[in-house]
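Asker: Handing you this structure, nothing more for now.
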Amino acid sequence: MADVRLRPATRDDVAFLVRQYSPEVCAPWNWFGFRSETDILRQLDDDGFLGPGHGNLIVELVGEADPVPIGNVSWHAVDHGPPPASRGWNVGITLVPEWRGYGHGTRAQRLLAEHLFTTTVAERVEASTDVENTAERRALERAGFSYEGVLRRAQFRGGGWRDLALYSLIRGEAG
Ligand SMILES: CC(C)(COP(=O)(O)OP(=O)(O)OC[C@H]1O[C@@H](n2cnc3c(N)ncnc32)[C@H](O)[C@@H]1OP(=O)(O)O)[C@@H](O)C(=O)NCCC(=O)NCCS
């Protein structure tokens, strides 16, 4: 049976990642502008998309056939007090359109949270998404995240300021 796994990006993923940052894949919820092949290659060479305060992994479907890349997840540090004690992670995800709606987004975000709780001392993983992004809000809830409230006009996207719904998962909470 097919399952989802997360793995670091390689140079073989550059074309896939360029498409991941295109409006065809990102719009409307994650569209913040194009990302060039040069920029992606530079970051791959710099730190493999795995720095101390941020990261980016390929979401892959594995099963009987060859692994298929179906999206990417990312995270960055959010400090709610002087670091490092109060450091948490804010996570994000984009699946390619043809692989949405199969539960993979739920699974990938759960796997990412488990990865961060396993490899860092963070107590809190958070995620924010447009208040109107029903699929992501449901995926986060299914992954065990709790709704915390609205971040008013927190994100500039699509030519305007958007309200975000904030969710969190605390270490030890069940999925
Ligand atoms: C958001 C996203 C990660 C969700 O992953 P997914 O694999 O498509 O979602 P799942 O199959 O795990 O479904 C999660 C829930 O959302 C619902 N859902 C899925 N697509 C939906 C849609 N287009 N509209 C409304 N609800 C939807 C599912 O029915 C399910 O809810 P349920 O448990 O009540 O049935 C994925 O759709 C995606 O990458 N979207 C584009 C990028 C994006 O919005 N990223 C987050 C921005 S911060």
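Simple scheme: letters A, B, ... for chains in structure tokens order, numbers from 1 for residues in each chain, numbers from 1 for ligands in the order shown.
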Got a sec to check which residues lie within 6 Å of ligand 1, using only C-alpha atoms and all ligand atoms, and send them as a list of chain:residue names?
Answerer: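 The residues within 6 Å of ligand 1, counting only C-alpha atoms and all ligand atoms, are A:Cys26, A:Trp29, A:Asn30, A:Gly92, A:Ile93, A:Thr94, A:Leu95, A:Arg100, A:Gly101, A:Tyr102, A:Gly103, A:His104, A:Gly105, A:Thr106, A:Thr129, A:Thr134, A:Ala135, A:Glu136, A:Arg138, A:Ala139.
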Asker: Mind listing the helix (DSSP H, G or I) residues of range 3-50 of chain A, per DSSP on the backbone, as a ChimeraX atom specification?
Answerer: /A:11-20,23-26,37-47
Asker: Taking only range 78-146 of chain A into account, list the residues labelled strand (DSSP E) by DSSP (computed from the backbone), as a ChimeraX atom specification.
Answerer: /A:78-79,87-95,124-130,146
Asker: Looking at A:Glu132, A:Val91, A:Asp12, A:Ala165, which one is nearest to Arg152 in chain A, with distances taken over only C-alpha atoms?
Answerer: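 Using only C-alpha atoms, the shortest distance to Arg152 in chain A belongs to A:Ala165.
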Asker: Listing only residues of range 27-132 of chain A within 10 Å of range 143-149 of chain A, what is the closest atom pair and its distance in Å (to one decimal) for each, using only C-alpha atoms, sorted by chain and residue number ascending, as a tab-separated table?
Answerer:
```
residue	atom	partner	partner_atom	distance
A:Gly103	CA	A:Ala143	CA	9.8
A:Gly105	CA	A:Ala143	CA	8.8
A:Thr106	CA	A:Ala143	CA	5.3
A:Arg107	CA	A:Ala143	CA	6.8
A:Ala108	CA	A:Ala143	CA	8.8
A:Gln109	CA	A:Ala143	CA	6.7
A:Arg110	CA	A:Ala143	CA	5.3
A:Leu111	CA	A:Ala143	CA	9.0
A:Ala113	CA	A:Ala143	CA	9.2
A:Val125	CA	A:Phe145	CA	8.8
A:Glu126	CA	A:Phe145	CA	8.0
A:Ala127	CA	A:Phe145	CA	8.5
A:Ser128	CA	A:Tyr147	CA	9.5
A:Val131	CA	A:Gly149	CA	9.8
```
Asker: Within 6 Å of Arg124 in chain A, counting only C-alpha atoms, which residues show up once you throw out same-chain ones fewer than 6 positions away? Write them as a PyMOL selection string, please.
Answerer: chain A and resi 88+169-170
Asker: Nearest to Ile40 in chain A: which of A:Ala65, A:Ala174, A:Val25, A:Leu17 is it, counting only C-alpha atoms?
Answerer: A:Leu17
